[in-house]
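Raw contents of upload.csv, CSV, C-alpha atoms:
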```csv
chain,number,residue,atom,x,y,z
A,9,MET,CA,120.7,104.1,104.3
A,10,SER,CA,123.6,103.3,102.0
A,11,GLU,CA,124.6,104.3,98.5
A,12,ASN,CA,122.3,101.4,97.3
A,13,LYS,CA,119.2,103.4,98.2
A,14,MET,CA,119.4,106.6,96.1
A,15,LEU,CA,117.3,107.5,93.2
A,16,PRO,CA,118.2,110.1,90.5
A,17,VAL,CA,116.5,113.5,90.8
A,18,ASP,CA,115.7,115.4,87.6
A,19,LEU,CA,118.0,118.4,87.4
A,20,PRO,CA,115.1,120.9,87.0
A,21,LYS,CA,113.8,119.7,90.3
A,22,ALA,CA,117.2,119.7,92.1
A,23,TYR,CA,116.7,123.2,93.6
A,24,ARG,CA,113.9,121.7,95.7
A,25,LEU,CA,116.6,119.7,97.6
A,26,LEU,CA,117.9,123.0,99.0
A,27,ASN,CA,114.8,125.2,98.8
A,28,HIS,CA,113.7,124.7,102.4
A,29,GLY,CA,117.1,125.9,103.6
A,30,PRO,CA,118.8,122.9,105.1
A,31,THR,CA,122.3,122.9,106.5
A,32,VAL,CA,124.5,120.9,104.0
A,33,LEU,CA,127.7,118.9,103.9
A,34,VAL,CA,130.2,120.0,101.2
A,35,SER,CA,132.6,117.4,100.0
A,36,ALA,CA,135.5,117.6,97.5
A,37,GLN,CA,138.5,115.7,96.3
A,38,HIS,CA,141.8,116.4,94.5
A,39,GLU,CA,143.8,113.4,93.6
A,40,GLN,CA,143.8,111.2,96.8
A,41,ASP,CA,143.0,114.1,99.2
A,42,THR,CA,139.4,114.4,100.3
A,43,ASP,CA,137.5,116.6,102.8
A,44,VAL,CA,134.0,117.2,104.0
A,45,MET,CA,132.7,120.3,105.8
A,46,ALA,CA,129.4,121.5,107.1
A,47,ALA,CA,127.9,124.7,105.8
A,48,ALA,CA,124.7,126.6,106.4
A,49,TRP,CA,125.3,129.1,103.6
A,50,ALA,CA,124.2,127.1,100.5
A,51,CYS,CA,121.4,128.2,98.2
A,52,ALA,CA,119.8,127.5,94.9
A,53,LEU,CA,120.7,130.1,92.2
A,54,GLU,CA,118.9,129.0,89.1
A,55,LEU,CA,116.2,126.5,88.1
A,56,THR,CA,117.4,125.5,84.6
A,57,PRO,CA,120.2,124.9,84.1
A,58,ALA,CA,120.3,124.0,87.8
A,59,LYS,CA,122.9,126.1,89.7
A,60,VAL,CA,123.7,126.6,93.4
A,61,THR,CA,125.8,129.0,95.5
A,62,ILE,CA,128.0,128.0,98.4
A,63,VAL,CA,130.1,130.1,100.7
A,64,LEU,CA,133.5,128.6,101.3
A,65,ASP,CA,135.9,130.3,103.7
A,66,LYS,CA,139.5,130.6,102.7
A,67,SER,CA,140.5,128.8,105.9
A,68,THR,CA,138.9,125.5,104.9
A,69,LYS,CA,140.7,122.6,103.3
A,70,THR,CA,137.5,121.8,101.4
A,71,ARG,CA,137.8,125.1,99.5
A,72,GLN,CA,141.3,124.3,98.5
A,73,LEU,CA,140.1,120.9,97.1
A,74,VAL,CA,137.2,122.6,95.3
A,75,GLU,CA,139.6,125.1,93.7
A,76,GLN,CA,142.1,122.4,92.7
A,77,SER,CA,139.5,120.0,91.3
A,78,GLY,CA,136.7,122.3,90.0
A,79,TYR,CA,134.0,120.1,91.6
A,80,PHE,CA,132.1,119.7,94.8
A,81,ALA,CA,129.1,117.9,96.2
A,82,LEU,CA,126.4,119.2,98.4
A,83,GLN,CA,124.5,116.7,100.6
A,84,VAL,CA,121.5,117.2,102.8
A,85,PRO,CA,122.2,115.5,106.1
A,86,CYS,CA,119.6,114.4,108.7
A,87,TYR,CA,119.2,114.2,112.4
A,88,ALA,CA,120.8,110.8,112.7
A,89,GLN,CA,124.0,112.5,111.5
A,90,ILE,CA,123.8,115.6,113.8
A,91,ASP,CA,127.0,114.9,115.8
A,92,MET,CA,129.0,114.1,112.6
A,93,VAL,CA,127.6,117.3,111.0
A,94,HIS,CA,128.6,119.4,114.0
A,95,GLN,CA,132.1,117.9,114.1
A,96,LEU,CA,132.6,118.3,110.4
A,97,GLY,CA,131.8,122.0,110.9
A,98,THR,CA,134.1,122.6,113.8
A,99,ILE,CA,137.3,120.5,112.9
A,100,SER,CA,139.6,121.6,110.1
A,101,LYS,CA,141.4,119.0,108.1
A,102,PHE,CA,144.4,121.4,108.1
A,103,ASP,CA,144.6,120.8,111.9
A,104,ASN,CA,143.6,117.2,111.9
A,105,PRO,CA,144.5,115.1,108.9
A,106,ASN,CA,142.4,112.2,110.3
A,107,LYS,CA,139.3,114.5,110.4
A,108,LEU,CA,137.0,112.2,108.3
A,109,GLU,CA,137.9,109.1,110.3
A,110,ASP,CA,137.6,110.9,113.6
A,111,CYS,CA,134.2,112.2,112.5
A,112,HIS,CA,133.1,108.7,111.5
A,113,THR,CA,132.4,110.0,108.0
A,114,GLN,CA,132.0,107.3,105.4
A,115,ILE,CA,132.3,108.3,101.8
A,116,PHE,CA,131.4,106.5,98.5
A,117,TYR,CA,131.4,107.3,94.8
A,118,GLN,CA,128.8,107.2,92.0
A,119,ALA,CA,130.0,105.7,88.7
A,120,GLY,CA,131.5,108.3,86.5
A,121,PHE,CA,132.2,110.9,89.2
A,122,ASP,CA,135.4,111.5,91.2
A,123,VAL,CA,133.6,113.4,93.9
A,124,PRO,CA,133.3,111.8,97.3
A,125,LEU,CA,129.7,111.5,98.7
A,126,VAL,CA,128.8,111.1,102.3
A,127,LYS,CA,126.8,107.9,103.2
A,128,ASP,CA,123.5,108.0,104.9
A,129,SER,CA,122.6,111.5,103.7
A,130,LEU,CA,119.1,112.4,102.4
A,131,ALA,CA,120.2,113.9,99.1
A,132,TRP,CA,123.4,114.5,97.0
A,133,LEU,CA,124.1,117.1,94.4
A,134,ILE,CA,127.3,116.9,92.4
A,135,CYS,CA,128.3,120.3,91.1
A,136,LYS,CA,130.9,121.6,88.6
A,137,VAL,CA,132.4,125.0,89.6
A,138,ILE,CA,131.5,127.8,87.2
A,139,PRO,CA,134.7,129.8,87.5
A,140,GLU,CA,134.2,133.3,88.8
A,141,PRO,CA,137.6,134.2,90.3
A,142,TYR,CA,136.6,137.7,91.4
A,143,ILE,CA,133.5,136.5,93.3
A,144,GLN,CA,135.4,133.6,94.9
A,145,GLN,CA,138.2,135.8,96.0
A,146,THR,CA,136.2,138.8,97.1
A,147,HIS,CA,133.1,137.2,98.6
A,148,ASP,CA,134.2,133.6,99.2
A,149,LEU,CA,131.2,132.7,97.1
A,150,PHE,CA,131.3,129.7,94.7
A,151,ILE,CA,128.8,129.0,91.9
A,152,GLY,CA,128.2,125.5,90.9
A,153,SER,CA,126.3,123.9,88.0
A,154,VAL,CA,124.5,120.9,89.2
A,155,ILE,CA,125.5,118.0,87.0
A,156,ALA,CA,123.9,115.1,88.9
A,157,ALA,CA,121.5,114.7,91.9
A,158,TRP,CA,120.1,111.9,93.9
A,159,ALA,CA,117.9,111.5,96.9
A,160,ASP,CA,116.8,108.9,99.4
A,161,PRO,CA,113.3,107.9,98.2
A,162,ARG,CA,112.1,107.5,101.7
A,163,VAL,CA,112.1,111.3,102.1
A,164,PHE,CA,112.2,112.7,98.5
A,165,LYS,CA,110.5,111.2,95.5
A,166,ASP,CA,108.5,112.4,92.5
A,167,GLY,CA,110.2,115.8,92.9
A,168,HIS,CA,108.9,116.4,96.5
A,169,TRP,CA,110.1,116.0,100.0
A,170,HIS,CA,108.0,113.8,102.2
A,171,PHE,CA,109.1,114.8,105.7
A,172,GLN,CA,105.6,114.7,107.1
A,173,ASN,CA,105.5,111.0,108.0
A,174,VAL,CA,109.2,110.0,108.4
A,175,GLU,CA,110.9,109.3,111.7
A,176,LYS,CA,112.8,112.1,113.5
A,177,GLU,CA,116.1,110.6,112.4
A,178,LEU,CA,115.4,111.4,108.8
A,179,LYS,CA,114.4,115.1,109.2
A,180,SER,CA,116.7,117.7,107.7
A,181,LEU,CA,118.9,119.9,110.0
A,182,HIS,CA,118.9,123.7,110.1
A,183,TYR,CA,121.8,125.1,111.9
A,184,ILE,CA,121.8,128.2,114.2
A,185,ALA,CA,124.9,128.4,116.3
A,186,GLY,CA,126.8,126.7,119.1
A,187,GLY,CA,125.7,123.1,118.2
A,188,THR,CA,122.0,124.1,118.2
A,189,PHE,CA,120.0,123.1,115.1
A,190,TYR,CA,116.3,123.0,114.3
A,191,LEU,CA,114.7,120.0,112.6
A,192,ILE,CA,112.4,120.6,109.6
A,193,GLY,CA,108.8,120.6,110.9
A,194,ASP,CA,105.3,120.1,109.6
A,195,GLU,CA,104.1,120.5,106.1
A,196,VAL,CA,101.6,123.3,105.5
A,197,LYS,CA,99.9,124.7,102.4
A,198,ALA,CA,98.7,128.1,101.4
A,199,SER,CA,94.9,128.2,100.9
A,200,ILE,CA,95.0,130.8,98.2
B,20,MET,CA,102.6,142.0,116.1
B,21,SER,CA,103.1,145.5,114.9
B,22,GLU,CA,106.1,147.7,114.4
B,23,ASN,CA,105.9,148.6,118.1
B,24,LYS,CA,107.2,145.1,119.0
B,25,MET,CA,110.6,144.8,117.5
B,26,LEU,CA,114.0,144.9,119.2
B,27,PRO,CA,117.3,145.7,117.5
B,28,VAL,CA,119.5,142.7,116.6
B,29,ASP,CA,123.3,143.2,116.9
B,30,LEU,CA,124.6,143.1,113.3
B,31,PRO,CA,127.2,140.4,114.0
B,32,LYS,CA,124.3,138.2,115.0
B,33,ALA,CA,122.0,139.1,112.1
B,34,TYR,CA,123.1,136.1,110.0
B,35,ARG,CA,121.3,133.9,112.6
B,36,LEU,CA,118.0,135.4,111.3
B,37,LEU,CA,118.6,133.6,108.0
B,38,ASN,CA,120.8,130.7,109.1
B,39,HIS,CA,118.0,128.1,109.4
B,40,GLY,CA,117.0,128.8,105.8
B,41,PRO,CA,113.6,130.5,106.0
B,42,THR,CA,111.7,131.8,103.0
B,43,VAL,CA,111.9,135.6,103.1
B,44,LEU,CA,109.9,138.6,101.9
B,45,VAL,CA,112.0,141.1,99.9
B,46,SER,CA,110.8,144.7,100.0
B,47,ALA,CA,112.0,147.8,98.2
B,48,GLN,CA,111.0,151.4,97.3
B,49,HIS,CA,112.0,154.0,94.8
B,50,GLU,CA,110.4,157.4,95.3
B,51,GLN,CA,106.7,156.5,95.9
B,52,ASP,CA,106.8,153.1,94.3
B,53,THR,CA,107.0,150.1,96.6
B,54,ASP,CA,106.9,146.3,96.1
B,55,VAL,CA,107.3,143.2,98.1
B,56,MET,CA,108.0,139.7,96.8
B,57,ALA,CA,108.6,136.3,98.4
B,58,ALA,CA,111.9,134.5,97.8
B,59,ALA,CA,113.3,131.2,98.9
B,60,TRP,CA,116.8,132.0,97.7
B,61,ALA,CA,118.2,134.3,100.3
B,62,CYS,CA,121.4,133.4,102.3
B,63,ALA,CA,123.9,134.8,104.7
B,64,LEU,CA,127.3,135.7,103.0
B,65,GLU,CA,129.5,137.1,105.8
B,66,LEU,CA,129.4,137.4,109.6
B,67,THR,CA,131.2,140.8,110.0
B,68,PRO,CA,130.5,143.0,108.4
B,69,ALA,CA,127.1,141.3,108.0
B,70,LYS,CA,126.3,140.6,104.4
B,71,VAL,CA,123.6,138.6,102.6
B,72,THR,CA,122.8,137.3,99.1
B,73,ILE,CA,119.4,137.4,97.4
B,74,VAL,CA,118.4,136.1,94.0
B,75,LEU,CA,116.1,138.6,92.2
B,76,ASP,CA,114.8,137.6,88.8
B,77,LYS,CA,114.8,140.2,86.0
B,78,SER,CA,111.0,139.8,85.7
B,79,THR,CA,110.3,141.3,89.1
B,80,LYS,CA,109.3,144.8,90.0
B,81,THR,CA,111.1,144.4,93.3
B,82,ARG,CA,114.4,144.0,91.4
B,83,GLN,CA,113.8,147.2,89.5
B,84,LEU,CA,113.2,149.1,92.7
B,85,VAL,CA,116.3,147.6,94.3
B,86,GLU,CA,118.4,148.7,91.3
B,87,GLN,CA,116.9,152.2,91.4
B,88,SER,CA,117.2,152.8,95.1
B,89,GLY,CA,120.2,150.7,96.1
B,90,TYR,CA,118.4,149.3,99.1
B,91,PHE,CA,116.2,146.4,100.1
B,92,ALA,CA,114.8,144.7,103.2
B,93,LEU,CA,114.6,141.0,104.0
B,94,GLN,CA,111.9,139.9,106.4
B,95,VAL,CA,111.3,136.5,107.9
B,96,PRO,CA,107.6,135.8,107.6
B,97,CYS,CA,105.6,133.3,109.7
B,98,TYR,CA,102.8,130.8,109.4
B,99,ALA,CA,100.2,133.4,110.2
B,100,GLN,CA,101.3,135.1,106.9
B,101,ILE,CA,101.3,132.0,104.7
B,102,ASP,CA,98.6,133.1,102.3
B,103,MET,CA,100.1,136.6,101.9
B,104,VAL,CA,103.6,135.1,101.4
B,105,HIS,CA,102.3,132.8,98.6
B,106,GLN,CA,100.4,135.6,96.9
B,107,LEU,CA,103.4,137.9,97.1
B,108,GLY,CA,105.4,135.2,95.4
B,109,THR,CA,103.0,134.5,92.6
B,110,ILE,CA,101.5,138.0,91.7
B,111,SER,CA,103.8,140.5,89.8
B,112,LYS,CA,103.3,144.2,90.5
B,113,PHE,CA,104.0,144.7,86.7
B,114,ASP,CA,100.7,142.8,86.1
B,115,ASN,CA,98.7,144.1,89.1
B,116,PRO,CA,99.6,147.6,90.3
B,117,ASN,CA,97.3,147.0,93.4
B,118,LYS,CA,99.4,143.9,94.4
B,119,LEU,CA,100.1,145.0,97.9
B,120,GLU,CA,96.5,146.0,98.7
B,121,ASP,CA,95.2,142.8,97.1
B,122,CYS,CA,97.7,140.7,99.2
B,123,HIS,CA,96.7,142.6,102.4
B,124,THR,CA,100.3,143.6,102.9
B,125,GLN,CA,100.7,146.4,105.4
B,126,ILE,CA,104.0,148.2,105.4
B,127,PHE,CA,105.7,150.6,107.8
B,128,TYR,CA,109.0,152.4,108.2
B,129,GLN,CA,111.7,152.7,110.8
B,130,ALA,CA,113.0,156.1,111.6
B,131,GLY,CA,115.9,157.0,109.3
B,132,PHE,CA,115.2,154.4,106.6
B,133,ASP,CA,113.2,154.8,103.4
B,134,VAL,CA,112.8,151.1,103.0
B,135,PRO,CA,109.3,149.7,103.4
B,136,LEU,CA,109.0,146.9,106.0
B,137,VAL,CA,106.2,144.3,106.2
B,138,LYS,CA,104.1,144.3,109.4
B,139,ASP,CA,103.7,141.2,111.5
B,140,SER,CA,107.0,139.5,110.3
B,141,LEU,CA,109.4,137.8,112.7
B,142,ALA,CA,112.5,139.7,111.7
B,143,TRP,CA,113.6,142.5,109.4
B,144,LEU,CA,117.0,143.2,107.9
B,145,ILE,CA,117.6,146.5,106.0
B,146,CYS,CA,120.4,146.0,103.4
B,147,LYS,CA,122.4,148.4,101.2
B,148,VAL,CA,123.3,146.9,97.8
B,149,ILE,CA,127.0,146.3,97.3
B,150,PRO,CA,127.1,147.1,93.6
B,151,GLU,CA,128.4,144.1,91.6
B,152,PRO,CA,126.9,144.8,88.2
B,153,TYR,CA,128.4,141.7,86.6
B,154,ILE,CA,127.0,139.3,89.2
B,155,GLN,CA,123.6,141.0,89.2
B,156,GLN,CA,123.3,140.8,85.4
B,157,THR,CA,124.8,137.4,84.8
B,158,HIS,CA,123.5,135.5,87.8
B,159,ASP,CA,120.6,137.6,89.1
B,160,LEU,CA,122.5,137.7,92.4
B,161,PHE,CA,122.5,140.7,94.6
B,162,ILE,CA,124.8,141.2,97.6
B,163,GLY,CA,123.6,143.4,100.5
B,164,SER,CA,125.4,144.9,103.5
B,165,VAL,CA,123.1,144.6,106.5
B,166,ILE,CA,122.8,148.1,108.0
B,167,ALA,CA,120.1,147.5,110.5
B,168,ALA,CA,118.1,144.5,111.9
B,169,TRP,CA,115.3,143.9,114.3
B,170,ALA,CA,113.3,140.9,115.5
B,171,ASP,CA,110.1,140.1,117.3
B,172,PRO,CA,111.4,139.3,120.9
B,173,ARG,CA,108.7,136.6,121.3
B,174,VAL,CA,110.7,134.4,118.8
B,175,PHE,CA,114.2,135.9,118.7
B,176,LYS,CA,116.1,137.4,121.6
B,177,ASP,CA,119.6,137.5,123.0
B,178,GLY,CA,120.9,136.5,119.6
B,179,HIS,CA,118.9,133.2,119.4
B,180,TRP,CA,115.6,132.0,117.9
B,181,HIS,CA,113.2,130.6,120.4
B,182,PHE,CA,110.8,128.6,118.2
B,183,GLN,CA,110.6,125.7,120.6
B,184,ASN,CA,107.7,127.0,122.7
B,185,VAL,CA,105.9,129.4,120.4
B,186,GLU,CA,102.5,128.9,118.8
B,187,LYS,CA,102.3,127.5,115.3
B,188,GLU,CA,101.4,130.9,113.9
B,189,LEU,CA,104.9,132.2,114.8
B,190,LYS,CA,107.0,129.5,113.2
B,191,SER,CA,109.1,130.4,110.2
B,192,LEU,CA,108.1,129.1,106.7
B,193,HIS,CA,110.3,127.1,104.4
B,194,TYR,CA,109.0,126.9,100.8
B,195,ILE,CA,109.2,124.0,98.5
B,196,ALA,CA,106.8,124.5,95.5
B,197,GLY,CA,103.2,124.7,94.5
B,198,GLY,CA,102.0,126.5,97.6
B,199,THR,CA,103.6,123.9,99.9
B,200,PHE,CA,105.8,125.0,102.8
B,201,TYR,CA,107.3,123.3,105.8
B,202,LEU,CA,107.3,125.0,109.2
B,203,ILE,CA,110.5,125.1,111.3
B,204,GLY,CA,110.4,122.2,113.7
B,205,ASP,CA,112.0,121.1,117.0
B,206,GLU,CA,115.2,122.4,118.5
B,207,VAL,CA,117.9,119.7,118.7
B,208,LYS,CA,121.5,119.9,119.9
B,209,ALA,CA,124.7,118.1,118.9
B,210,SER,CA,126.0,116.0,121.8
B,211,ILE,CA,129.7,116.3,120.8
```

Represent the structure contained in this file as C-alpha cells.
Amino acid sequence: MSENKMLPVDLPKAYRLLNHGPTVLVSAQHEQDTDVMAAAWACALELTPAKVTIVLDKSTKTRQLVEQSGYFALQVPCYAQIDMVHQLGTISKFDNPNKLEDCHTQIFYQAGFDVPLVKDSLAWLICKVIPEPYIQQTHDLFIGSVIAAWADPRVFKDGHWHFQNVEKELKSLHYIAGGTFYLIGDEVKASI
Amino acid sequence: MSENKMLPVDLPKAYRLLNHGPTVLVSAQHEQDTDVMAAAWACALELTPAKVTIVLDKSTKTRQLVEQSGYFALQVPCYAQIDMVHQLGTISKFDNPNKLEDCHTQIFYQAGFDVPLVKDSLAWLICKVIPEPYIQQTHDLFIGSVIAAWADPRVFKDGHWHFQNVEKELKSLHYIAGGTFYLIGDEVKASI
C-alpha cells in the first residue's frame, strides 16, 4: 500500500475511521522537523464539522511540533505495521533524532498539506488544531478540526470499514500495554 | 454475570479497560431518576490519577443527570448485550420514560456509590465529574476522575484483558454505524 492507493473520505463520515477505537499514529511537522508517535487516546469529538481529540503528553516531540505548526495527522495503522507502531510509541525523538529512520517509518505528503503522513496505513486524517490553551496545558488534550481524510479502499469504502474479509495484515490495532495489542475482529449487527 | 462476579481493578490500571477502544454504556442518576446511554466516544485521559473523557450530547437525558449529580459510570458491554446496547443508543429517555425497562436494562449499585451500574457488563468505572463548564458547553466533552473500577474476572484480571480464549458472547463491542459493530479480535504482540 502506498500513497497511490488512497481515496478521499467525506468529512461527515471521517469519525467512522476512529469510531471502533483503533490505536493511531500521530504525525506532525514544523519547518524541516518531523515526528510520528503512537497513541491509544484518540477519539472522535463531533460529526459535523468533523472534530477529534488526542492526548499528547508534554514529554513528546510530536506535541512540540503540533504546538509550533498548529496541525497534526492521525493515521490508523494495521497489523503489518505492529513493530513500527510499538517502536514509535516507545522511542522519543528527543532521545533519538534518528527515530523515524530507526523505526523504518516512511512519510509522504498530499498536495496542499505540509503535514507528514505515514505510508502503508489504513486511513489518514489531517487536522488543524482548534486552540484551547487551557485544555492543552491542564489536561494534555488537543482538539483538532478534520480538514481532509483518506482511506485505503481495500478496507474502507463507501463510508464503511470492510474488515470482515481482509487478510490479518490489514486489521486495525488496539493497544493494551507492554507490546500487547488486539486486532479488530468479526463484524456483528444488532437485530433490533 | 451478575454484580456478584466483579473484582476491583487498581485505579492506575483502569485506563486499560478503555484502551482498546470499546463502545461503552454511560449511566447516571439524580435523586430517583436514572438513565443509561451507549457511546462510542469515550477515552482514557490520564494514567494517575486515572481520568477519562466522554462526549455527551446536549440532547441526552444522561447528560442532564450527569450535570445534576456530578457523577457517571462507564461500563464496557459485550456481544451478549448487543441489542440492548444498540437500543440504549437510539432511544432517548426524554421520548420514552420507560426506556430502561423497554431495553431490558437491569441496574445495580455498589456499596457506597449512588451511581447505577448495568448488570452483565465486562467492566465498570465510576467517575466523578471534574467540572470544566467551558469544555462541557462548547465541546460537549466531560472529564471524569475514576474513583472506583471493577471487571468481570473471566475477561479482565491481573490488570489485563483475556479475550483470547473467551466465548464470543464475552467479547467487547466496537461500534461503527447503523447497528453494525465489530467484536474485539485476536491478541497479537509486537516482536521488538

| So what do you get for CA of Ile192 in chain A versus CA of Asp205 in chain B, distance-wise? |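 Interatomic distance, CA of Ile192 in chain A to CA of Asp205 in chain B: 7.4 Å.
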
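Take CA of Val174 in chain B and CA of Gln125 in chain B: the distance between them is 20.6 Å.
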
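Of the residues listed (A:Pro30, A:Gly97, A:Pro105, A:Pro16), A:Pro30 shows the shortest atom-to-atom separation from chain B; distances use all atoms listed in the file.
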
| said: If the cut-off is 9 Å, can you tell me the residues of chain B near chain A, counting all atoms listed in the file? I'd like them as number ranges by chain. | reply: B: 35-42, 59-65, 74, 98, 101-106, 154, 158-160, 179-180, 182-183, 192-211

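Computed from the coordinates, the CA of Ile99 in chain A to CA of Thr42 in chain A distance equals 14.2 Å.
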
| field | Pick from A:Asp166, A:Glu109, A:Asp43, A:Asp128, whichever lies nearest to Pro85 in chain A using all atoms listed in the file | value |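 Residue with the minimum atom-to-atom distance to Pro85 in chain A: A:Asp128.
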
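Nearest-residue note for His112 in chain A: choosing from A:Val74, A:Ala157, A:Val44, A:Val32, the minimum distance belongs to A:Val44, counting all atoms listed in the file.
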
Mind completing range 93-118 of chain A with N, CA and C atoms? Output as a JSON list (two decimals), in the frame of the given file, please?
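The result, stored in part.json:
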```json
[["chain", "number", "residue", "atom", "x", "y", "z"],
["A", 93, "VAL", "N", 127.74, 116.02, 111.67],
["A", 93, "VAL", "CA", 127.60, 117.30, 111.00],
["A", 93, "VAL", "C", 128.31, 118.41, 111.83],
["A", 94, "HIS", "N", 128.03, 118.39, 113.14],
["A", 94, "HIS", "CA", 128.60, 119.40, 114.00],
["A", 94, "HIS", "C", 130.15, 119.30, 114.01],
["A", 95, "GLN", "N", 130.65, 118.07, 114.10],
["A", 95, "GLN", "CA", 132.10, 117.90, 114.10],
["A", 95, "GLN", "C", 132.73, 118.31, 112.78],
["A", 96, "LEU", "N", 132.07, 117.96, 111.67],
["A", 96, "LEU", "CA", 132.60, 118.30, 110.40],
["A", 96, "LEU", "C", 132.64, 119.84, 110.16],
["A", 97, "GLY", "N", 131.81, 120.55, 110.95],
["A", 97, "GLY", "CA", 131.80, 122.00, 110.90],
["A", 97, "GLY", "C", 132.71, 122.69, 111.84],
["A", 98, "THR", "N", 133.30, 121.93, 112.75],
["A", 98, "THR", "CA", 134.10, 122.60, 113.80],
["A", 98, "THR", "C", 135.62, 122.15, 113.66],
["A", 99, "ILE", "N", 135.88, 120.96, 113.09],
["A", 99, "ILE", "CA", 137.30, 120.50, 112.90],
["A", 99, "ILE", "C", 137.76, 120.84, 111.55],
["A", 100, "SER", "N", 138.98, 121.37, 111.46],
["A", 100, "SER", "CA", 139.60, 121.60, 110.10],
["A", 100, "SER", "C", 140.54, 120.49, 109.81],
["A", 101, "LYS", "N", 140.50, 120.04, 108.56],
["A", 101, "LYS", "CA", 141.40, 119.00, 108.10],
["A", 101, "LYS", "C", 142.87, 119.52, 108.10],
["A", 102, "PHE", "N", 143.03, 120.86, 108.03],
["A", 102, "PHE", "CA", 144.40, 121.40, 108.10],
["A", 102, "PHE", "C", 144.98, 121.15, 109.50],
["A", 103, "ASP", "N", 144.12, 121.10, 110.53],
["A", 103, "ASP", "CA", 144.60, 120.80, 111.90],
["A", 103, "ASP", "C", 144.65, 119.34, 112.20],
["A", 104, "ASN", "N", 143.71, 118.60, 111.62],
["A", 104, "ASN", "CA", 143.60, 117.20, 111.90],
["A", 104, "ASN", "C", 143.45, 116.38, 110.63],
["A", 105, "PRO", "N", 144.56, 115.84, 110.13],
["A", 105, "PRO", "CA", 144.50, 115.10, 108.90],
["A", 105, "PRO", "C", 143.58, 113.86, 108.94],
["A", 106, "ASN", "N", 143.27, 113.39, 110.15],
["A", 106, "ASN", "CA", 142.40, 112.20, 110.30],
["A", 106, "ASN", "C", 140.93, 112.68, 110.54],
["A", 107, "LYS", "N", 140.61, 113.90, 110.13],
["A", 107, "LYS", "CA", 139.30, 114.50, 110.40],
["A", 107, "LYS", "C", 138.14, 113.50, 110.00],
["A", 108, "LEU", "N", 138.19, 112.96, 108.78],
["A", 108, "LEU", "CA", 137.00, 112.20, 108.30],
["A", 108, "LEU", "C", 136.88, 110.89, 109.17],
["A", 109, "GLU", "N", 138.01, 110.24, 109.47],
["A", 109, "GLU", "CA", 137.90, 109.10, 110.30],
["A", 109, "GLU", "C", 137.42, 109.43, 111.72],
["A", 110, "ASP", "N", 137.96, 110.51, 112.26],
["A", 110, "ASP", "CA", 137.60, 110.90, 113.60],
["A", 110, "ASP", "C", 136.09, 111.32, 113.68],
["A", 111, "CYS", "N", 135.57, 111.81, 112.57],
["A", 111, "CYS", "CA", 134.20, 112.20, 112.50],
["A", 111, "CYS", "C", 133.25, 111.04, 112.12],
["A", 112, "HIS", "N", 133.85, 109.86, 111.89],
["A", 112, "HIS", "CA", 133.10, 108.70, 111.50],
["A", 112, "HIS", "C", 132.31, 108.97, 110.17],
["A", 113, "THR", "N", 132.99, 109.66, 109.24],
["A", 113, "THR", "CA", 132.40, 110.00, 108.00],
["A", 113, "THR", "C", 132.76, 108.99, 106.91],
["A", 114, "GLN", "N", 131.76, 108.28, 106.42],
["A", 114, "GLN", "CA", 132.00, 107.30, 105.40],
["A", 114, "GLN", "C", 131.66, 107.84, 104.03],
["A", 115, "ILE", "N", 132.60, 107.72, 103.09],
["A", 115, "ILE", "CA", 132.30, 108.30, 101.80],
["A", 115, "ILE", "C", 132.19, 107.13, 100.74],
["A", 116, "PHE", "N", 131.53, 107.45, 99.64],
["A", 116, "PHE", "CA", 131.40, 106.50, 98.50],
["A", 116, "PHE", "C", 131.37, 107.33, 97.24],
["A", 117, "TYR", "N", 131.35, 106.62, 96.11],
["A", 117, "TYR", "CA", 131.40, 107.30, 94.80],
["A", 117, "TYR", "C", 130.30, 106.77, 93.91],
["A", 118, "GLN", "N", 129.75, 107.62, 93.09],
["A", 118, "GLN", "CA", 128.80, 107.20, 92.00],
["A", 118, "GLN", "C", 129.67, 107.00, 90.75]]
```
